[in-house]
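A.B. asks: You'll find upload_36.cif just under this line, and it carries mmCIF, C-alpha atoms.
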```cif
data_query
#
loop_
_atom_site.group_PDB
_atom_site.id
_atom_site.type_symbol
_atom_site.label_atom_id
_atom_site.label_comp_id
_atom_site.auth_asym_id
_atom_site.auth_seq_id
_atom_site.Cartn_x
_atom_site.Cartn_y
_atom_site.Cartn_z
ATOM 1 C CA ALA A 1 -97.652 18.530 20.728
ATOM 2 C CA LYS A 2 -100.947 18.470 18.892
ATOM 3 C CA ASP A 3 -101.519 19.203 15.224
ATOM 4 C CA THR A 4 -97.888 18.879 14.154
ATOM 5 C CA LYS A 5 -97.102 19.027 10.445
ATOM 6 C CA PRO A 6 -96.608 15.216 10.189
ATOM 7 C CA GLU A 7 -99.859 14.631 12.077
ATOM 8 C CA LEU A 8 -101.836 16.981 9.822
ATOM 9 C CA GLN A 9 -100.299 15.372 6.748
ATOM 10 C CA PHE A 10 -101.220 11.870 7.922
ATOM 11 C CA ARG A 11 -104.741 12.870 8.961
ATOM 12 C CA SER A 12 -105.332 14.301 5.501
ATOM 13 C CA LEU A 13 -104.107 11.081 3.897
ATOM 14 C CA LEU A 14 -106.269 8.948 6.188
ATOM 15 C CA HIS A 15 -109.350 11.080 5.541
ATOM 16 C CA ARG A 16 -108.845 10.950 1.752
ATOM 17 C CA ALA A 17 -108.673 7.152 2.044
ATOM 18 C CA GLY A 18 -112.176 7.221 3.548
ATOM 19 C CA TYR A 19 -111.388 6.655 7.217
ATOM 20 C CA ARG A 20 -113.192 8.688 9.844
ATOM 21 C CA PHE A 21 -111.609 9.229 13.215
ATOM 22 C CA ARG A 22 -111.496 11.206 16.429
ATOM 23 C CA LEU A 23 -108.573 13.298 17.615
ATOM 24 C CA HIS A 24 -106.695 13.380 20.917
ATOM 25 C CA VAL A 25 -109.131 11.380 23.046
ATOM 26 C CA ARG A 26 -108.068 12.328 26.572
ATOM 27 C CA LYS A 27 -109.760 9.423 28.311
ATOM 28 C CA LEU A 28 -107.327 7.002 26.650
ATOM 29 C CA PRO A 29 -103.780 6.555 27.981
ATOM 30 C CA GLY A 30 -101.313 8.814 26.200
ATOM 31 C CA THR A 31 -104.041 10.845 24.456
ATOM 32 C CA PRO A 32 -103.515 9.174 21.066
ATOM 33 C CA ASP A 33 -103.177 11.427 18.022
ATOM 34 C CA ILE A 34 -105.862 9.530 16.091
ATOM 35 C CA VAL A 35 -108.579 7.178 17.343
ATOM 36 C CA LEU A 36 -110.610 4.957 15.026
ATOM 37 C CA PRO A 37 -113.348 3.616 17.341
ATOM 38 C CA LYS A 38 -114.908 1.494 14.576
ATOM 39 C CA TYR A 39 -111.673 -0.507 14.330
ATOM 40 C CA ARG A 40 -110.787 -0.214 18.040
ATOM 41 C CA THR A 41 -107.468 1.223 16.904
ATOM 42 C CA VAL A 42 -105.327 4.180 17.908
ATOM 43 C CA ILE A 43 -102.575 5.741 15.845
ATOM 44 C CA PHE A 44 -99.610 7.700 17.131
ATOM 45 C CA VAL A 45 -97.758 9.898 14.643
ATOM 46 C CA HIS A 46 -94.214 10.038 15.998
ATOM 47 C CA GLY A 47 -91.374 12.332 15.072
ATOM 48 C CA CYS A 48 -88.268 10.261 14.386
ATOM 49 C CA PHE A 49 -85.946 12.551 16.375
ATOM 50 C CA TRP A 50 -87.972 12.801 19.595
ATOM 51 C CA HIS A 51 -89.271 9.242 19.695
ATOM 52 C CA ARG A 52 -85.995 7.661 18.513
ATOM 53 C CA HIS A 53 -86.971 5.802 15.356
ATOM 54 C CA VAL A 54 -84.439 2.971 15.198
ATOM 55 C CA ASN A 55 -82.037 3.079 12.219
ATOM 56 C CA CYS A 56 -83.545 6.329 10.920
ATOM 57 C CA THR A 57 -81.309 9.117 9.659
ATOM 58 C CA ASN A 58 -83.595 11.659 11.360
ATOM 59 C CA SER A 59 -82.894 10.082 14.747
ATOM 60 C CA THR A 60 -79.553 11.789 15.339
ATOM 61 C CA MET A 61 -77.917 12.521 18.673
ATOM 62 C CA PRO A 62 -77.047 16.160 19.463
ATOM 63 C CA LYS A 63 -73.298 16.789 19.879
ATOM 64 C CA THR A 64 -73.586 18.727 23.147
ATOM 65 C CA ARG A 65 -75.082 17.807 26.538
ATOM 66 C CA ILE A 66 -75.165 14.141 25.545
ATOM 67 C CA GLU A 67 -76.117 12.876 29.021
ATOM 68 C CA PHE A 68 -79.099 15.236 29.129
ATOM 69 C CA TRP A 69 -80.329 14.130 25.700
ATOM 70 C CA GLU A 70 -79.815 10.423 26.394
ATOM 71 C CA SER A 71 -81.872 10.734 29.570
ATOM 72 C CA LYS A 72 -84.596 12.725 27.813
ATOM 73 C CA PHE A 73 -84.835 10.311 24.880
ATOM 74 C CA LYS A 74 -84.826 7.267 27.168
ATOM 75 C CA ALA A 75 -87.719 8.702 29.205
ATOM 76 C CA THR A 76 -89.695 9.426 26.018
ATOM 77 C CA VAL A 77 -89.220 5.910 24.648
ATOM 78 C CA GLU A 78 -90.180 4.347 28.006
ATOM 79 C CA ARG A 79 -93.279 6.561 28.249
ATOM 80 C CA ASP A 80 -94.283 5.597 24.702
ATOM 81 C CA GLN A 81 -93.936 1.902 25.536
ATOM 82 C CA GLU A 82 -95.989 2.262 28.717
ATOM 83 C CA LYS A 83 -98.802 3.996 26.800
ATOM 84 C CA ILE A 84 -98.795 1.290 24.146
ATOM 85 C CA GLU A 85 -98.912 -1.508 26.726
ATOM 86 C CA LYS A 86 -101.789 0.157 28.611
ATOM 87 C CA LEU A 87 -103.795 0.616 25.427
ATOM 88 C CA LYS A 88 -103.207 -2.980 24.342
ATOM 89 C CA SER A 89 -104.258 -4.255 27.762
ATOM 90 C CA MET A 90 -107.505 -2.297 27.286
ATOM 91 C CA GLY A 91 -108.108 -4.108 23.993
ATOM 92 C CA TRP A 92 -106.954 -1.399 21.599
ATOM 93 C CA ARG A 93 -104.808 -2.053 18.537
ATOM 94 C CA VAL A 94 -101.910 0.415 18.388
ATOM 95 C CA ILE A 95 -100.264 1.645 15.180
ATOM 96 C CA VAL A 96 -97.238 3.930 15.072
ATOM 97 C CA VAL A 97 -96.649 6.031 11.982
ATOM 98 C CA TRP A 98 -93.183 7.575 11.756
ATOM 99 C CA GLU A 99 -92.524 11.033 10.390
ATOM 100 C CA CYS A 100 -90.066 9.657 7.805
ATOM 101 C CA GLU A 101 -92.818 7.450 6.306
ATOM 102 C CA LEU A 102 -94.876 10.478 5.296
ATOM 103 C CA GLY A 103 -94.536 12.021 1.873
ATOM 104 C CA LYS A 104 -92.481 9.195 0.374
ATOM 105 C CA ASP A 105 -95.104 6.826 -0.965
ATOM 106 C CA ASP A 106 -98.542 7.583 0.450
ATOM 107 C CA GLU A 107 -100.113 4.570 -1.307
ATOM 108 C CA VAL A 108 -97.741 2.151 0.431
ATOM 109 C CA LEU A 109 -98.411 3.783 3.797
ATOM 110 C CA ILE A 110 -102.210 3.743 3.435
ATOM 111 C CA ARG A 111 -102.098 0.084 2.296
ATOM 112 C CA ARG A 112 -100.093 -0.788 5.428
ATOM 113 C CA ILE A 113 -102.577 1.034 7.649
ATOM 114 C CA SER A 114 -105.557 -0.576 5.874
ATOM 115 C CA LYS A 115 -104.067 -4.058 6.359
ATOM 116 C CA GLU A 116 -103.483 -3.391 10.040
ATOM 117 C CA LEU A 117 -107.011 -2.056 10.474
ATOM 118 C CA ARG A 118 -108.430 -5.194 8.888
ATOM 119 C CA GLY A 119 -106.305 -7.268 11.283
ATOM 120 C CA ARG A 120 -103.863 -8.795 8.822
#
```
Give the structure from the file, written as structure tokens.
C.D. replies:
Amino acid sequence: AKDTKPELQFRSLLHRAGYRFRLHVRKLPGTPDIVLPKYRTVIFVHGCFWHRHVNCTNSTMPKTRIEFWESKFKATVERDQEKIEKLKSMGWRVIVVWECELGKDDEVLIRRISKELRGR
């Protein structure tokens, strides 16, 4: 989905930090949430539940229809990995921001993103 609450929150943070970006560039694999052409970097803002953030309390397993959910989550994780590999093979740097990272300590998050954008 586009323009989710975590995505809007992160875009606001990134913009306040002085970064300018494009949104949902369809010509790139996976239509990344945020594209920073100047840094040849894409950013995906992932929800912990749907994209299965490892060791995250938001990444719970529903109690019913377990086989259905396992299959659905597995397909999502595999699709994410394929998109990331394609983008990297095209020379793009890929950053994943998790929903649980937002709102805790924005300064720490923006420092991490800035370091990755500078290639450290």
A.B. asks: Work out how far apart CA of Glu107 (chain A) and CA of Asp80 (chain A) are and give it in Å to one decimal.
C.D. replies: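 Interatomic distance here is 26.7 Å.
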A.B. asks: Run the PyMOL selection byres ((chain A and resi 58) around 8) against the file shown and list the residues it catches, as a VMD selection string.
C.D. replies: chain A and resid 48 to 49 53 56 to 57 59 to 60 100
A.B. asks: May I ask which of the residues A:Phe68, A:Trp50, A:Trp92, A:Phe10 is the closest one to Lys38 (chain A), counting only C-alpha atoms?
C.D. replies: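 For Lys38 (chain A), the nearest of the candidates is A:Trp92.
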A.B. asks: Given the file shown, determine the residues that the PyMOL selection byres ((chain A and resi 23) around 7) selects; report them as a list in words.
C.D. replies: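 Selection result, ordered by chain and number: Phe21, Arg22, His24, Val25, Asp33, Ile34 and Val35 of chain A.
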A.B. asks: Could the residues in this selection be written to a file with C-alpha atoms, as a PDB file, in the frame of the given file?
C.D. replies:
```pdb
ATOM      1  CA  PHE A  21    -111.609   9.229  13.215  1.00  0.00           C
ATOM      2  CA  ARG A  22    -111.496  11.206  16.429  1.00  0.00           C
ATOM      3  CA  HIS A  24    -106.695  13.380  20.917  1.00  0.00           C
ATOM      4  CA  VAL A  25    -109.131  11.380  23.046  1.00  0.00           C
ATOM      5  CA  ASP A  33    -103.177  11.427  18.022  1.00  0.00           C
ATOM      6  CA  ILE A  34    -105.862   9.530  16.091  1.00  0.00           C
ATOM      7  CA  VAL A  35    -108.579   7.178  17.343  1.00  0.00           C
TER       8      VAL A  35
END
```
A.B. asks: Given the point (-102.5, 0.6, 27.6) in the file's coordinates, find the residues that have an atom at most 12 Å from it, counting only C-alpha atoms, and give them as number ranges by chain.
C.D. replies: A: 27-32, 41-42, 79-94
A.B. asks: Okay, now the selection with C-alpha atoms, as a PDB file, in the coordinates of the input?
C.D. replies:
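Saved result, result_32.pdb, follows:
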```pdb
ATOM      1  CA  LYS A  27    -109.760   9.423  28.311  1.00  0.00           C
ATOM      2  CA  LEU A  28    -107.327   7.002  26.650  1.00  0.00           C
ATOM      3  CA  PRO A  29    -103.780   6.555  27.981  1.00  0.00           C
ATOM      4  CA  GLY A  30    -101.313   8.814  26.200  1.00  0.00           C
ATOM      5  CA  THR A  31    -104.041  10.845  24.456  1.00  0.00           C
ATOM      6  CA  PRO A  32    -103.515   9.174  21.066  1.00  0.00           C
ATOM      7  CA  THR A  41    -107.468   1.223  16.904  1.00  0.00           C
ATOM      8  CA  VAL A  42    -105.327   4.180  17.908  1.00  0.00           C
ATOM      9  CA  ARG A  79     -93.279   6.561  28.249  1.00  0.00           C
ATOM     10  CA  ASP A  80     -94.283   5.597  24.702  1.00  0.00           C
ATOM     11  CA  GLN A  81     -93.936   1.902  25.536  1.00  0.00           C
ATOM     12  CA  GLU A  82     -95.989   2.262  28.717  1.00  0.00           C
ATOM     13  CA  LYS A  83     -98.802   3.996  26.800  1.00  0.00           C
ATOM     14  CA  ILE A  84     -98.795   1.290  24.146  1.00  0.00           C
ATOM     15  CA  GLU A  85     -98.912  -1.508  26.726  1.00  0.00           C
ATOM     16  CA  LYS A  86    -101.789   0.157  28.611  1.00  0.00           C
ATOM     17  CA  LEU A  87    -103.795   0.616  25.427  1.00  0.00           C
ATOM     18  CA  LYS A  88    -103.207  -2.980  24.342  1.00  0.00           C
ATOM     19  CA  SER A  89    -104.258  -4.255  27.762  1.00  0.00           C
ATOM     20  CA  MET A  90    -107.505  -2.297  27.286  1.00  0.00           C
ATOM     21  CA  GLY A  91    -108.108  -4.108  23.993  1.00  0.00           C
ATOM     22  CA  TRP A  92    -106.954  -1.399  21.599  1.00  0.00           C
ATOM     23  CA  ARG A  93    -104.808  -2.053  18.537  1.00  0.00           C
ATOM     24  CA  VAL A  94    -101.910   0.415  18.388  1.00  0.00           C
TER      25      VAL A  94
END
```
A.B. asks: Please report, as lines of an AutoDock Vina configuration file, the centre and edge lengths in Å to one decimal of an axis-aligned box covering all listed atoms of region 1-20 of chain A with 4 Å per side.
C.D. replies:
```
center_x = -104.9
center_y = 12.9
center_z = 11.2
size_x = 24.6
size_y = 20.5
size_z = 27.0
```
A.B. asks: Ranking A:Leu102, A:Leu14, A:Ile95, A:Leu8 by minimum distance to Gly119 (chain A) and counting only C-alpha atoms, which one comes first?
C.D. replies: A:Ile95
A.B. asks: Tell me which protein, DNA and RNA residues are within 12 Å of Leu13 (chain A), counting only C-alpha atoms, leaving out same-chain ones fewer than 3 positions away, and put them as JSON, numbers by chain.
C.D. replies: {"A": [6, 7, 8, 9, 10, 16, 17, 18, 19, 20, 102, 103, 105, 106, 107, 108, 109, 110, 111, 113, 114]}
A.B. asks: Find the residue from A:Arg112, A:Arg52, A:Arg65, A:Lys104 that sits nearest to Glu78 (chain A); use all atoms listed in the file when measuring.
C.D. replies: A:Arg52
A.B. asks: Using CA of His51 (chain A) and CA of Phe73 (chain A) as the two end points, give the distance in Å to one decimal.
C.D. replies: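 About the pair CA of His51 (chain A) and CA of Phe73 (chain A): they are 6.9 Å apart.
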A.B. asks: Would you please work out which residue, of A:Gly47, A:Arg118, A:Lys63, A:Leu36, is nearest to His15 (chain A) when using only C-alpha atoms?
C.D. replies: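 Distance minimum relative to His15 (chain A) lands on A:Leu36.
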A.B. asks: For each of A:Arg11, A:His46, A:Lys74, A:Lys115, take the minimum atom-to-atom distance to Glu101 (chain A), counting all atoms listed in the file, then give the residue where this is smallest.
C.D. replies: A:His46
A.B. asks: What does the structure give for the distance between CA of Ile66 (chain A) and CA of Glu99 (chain A), in Å to one decimal?
C.D. replies: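 Distance reported for this atom pair: 23.3 Å.
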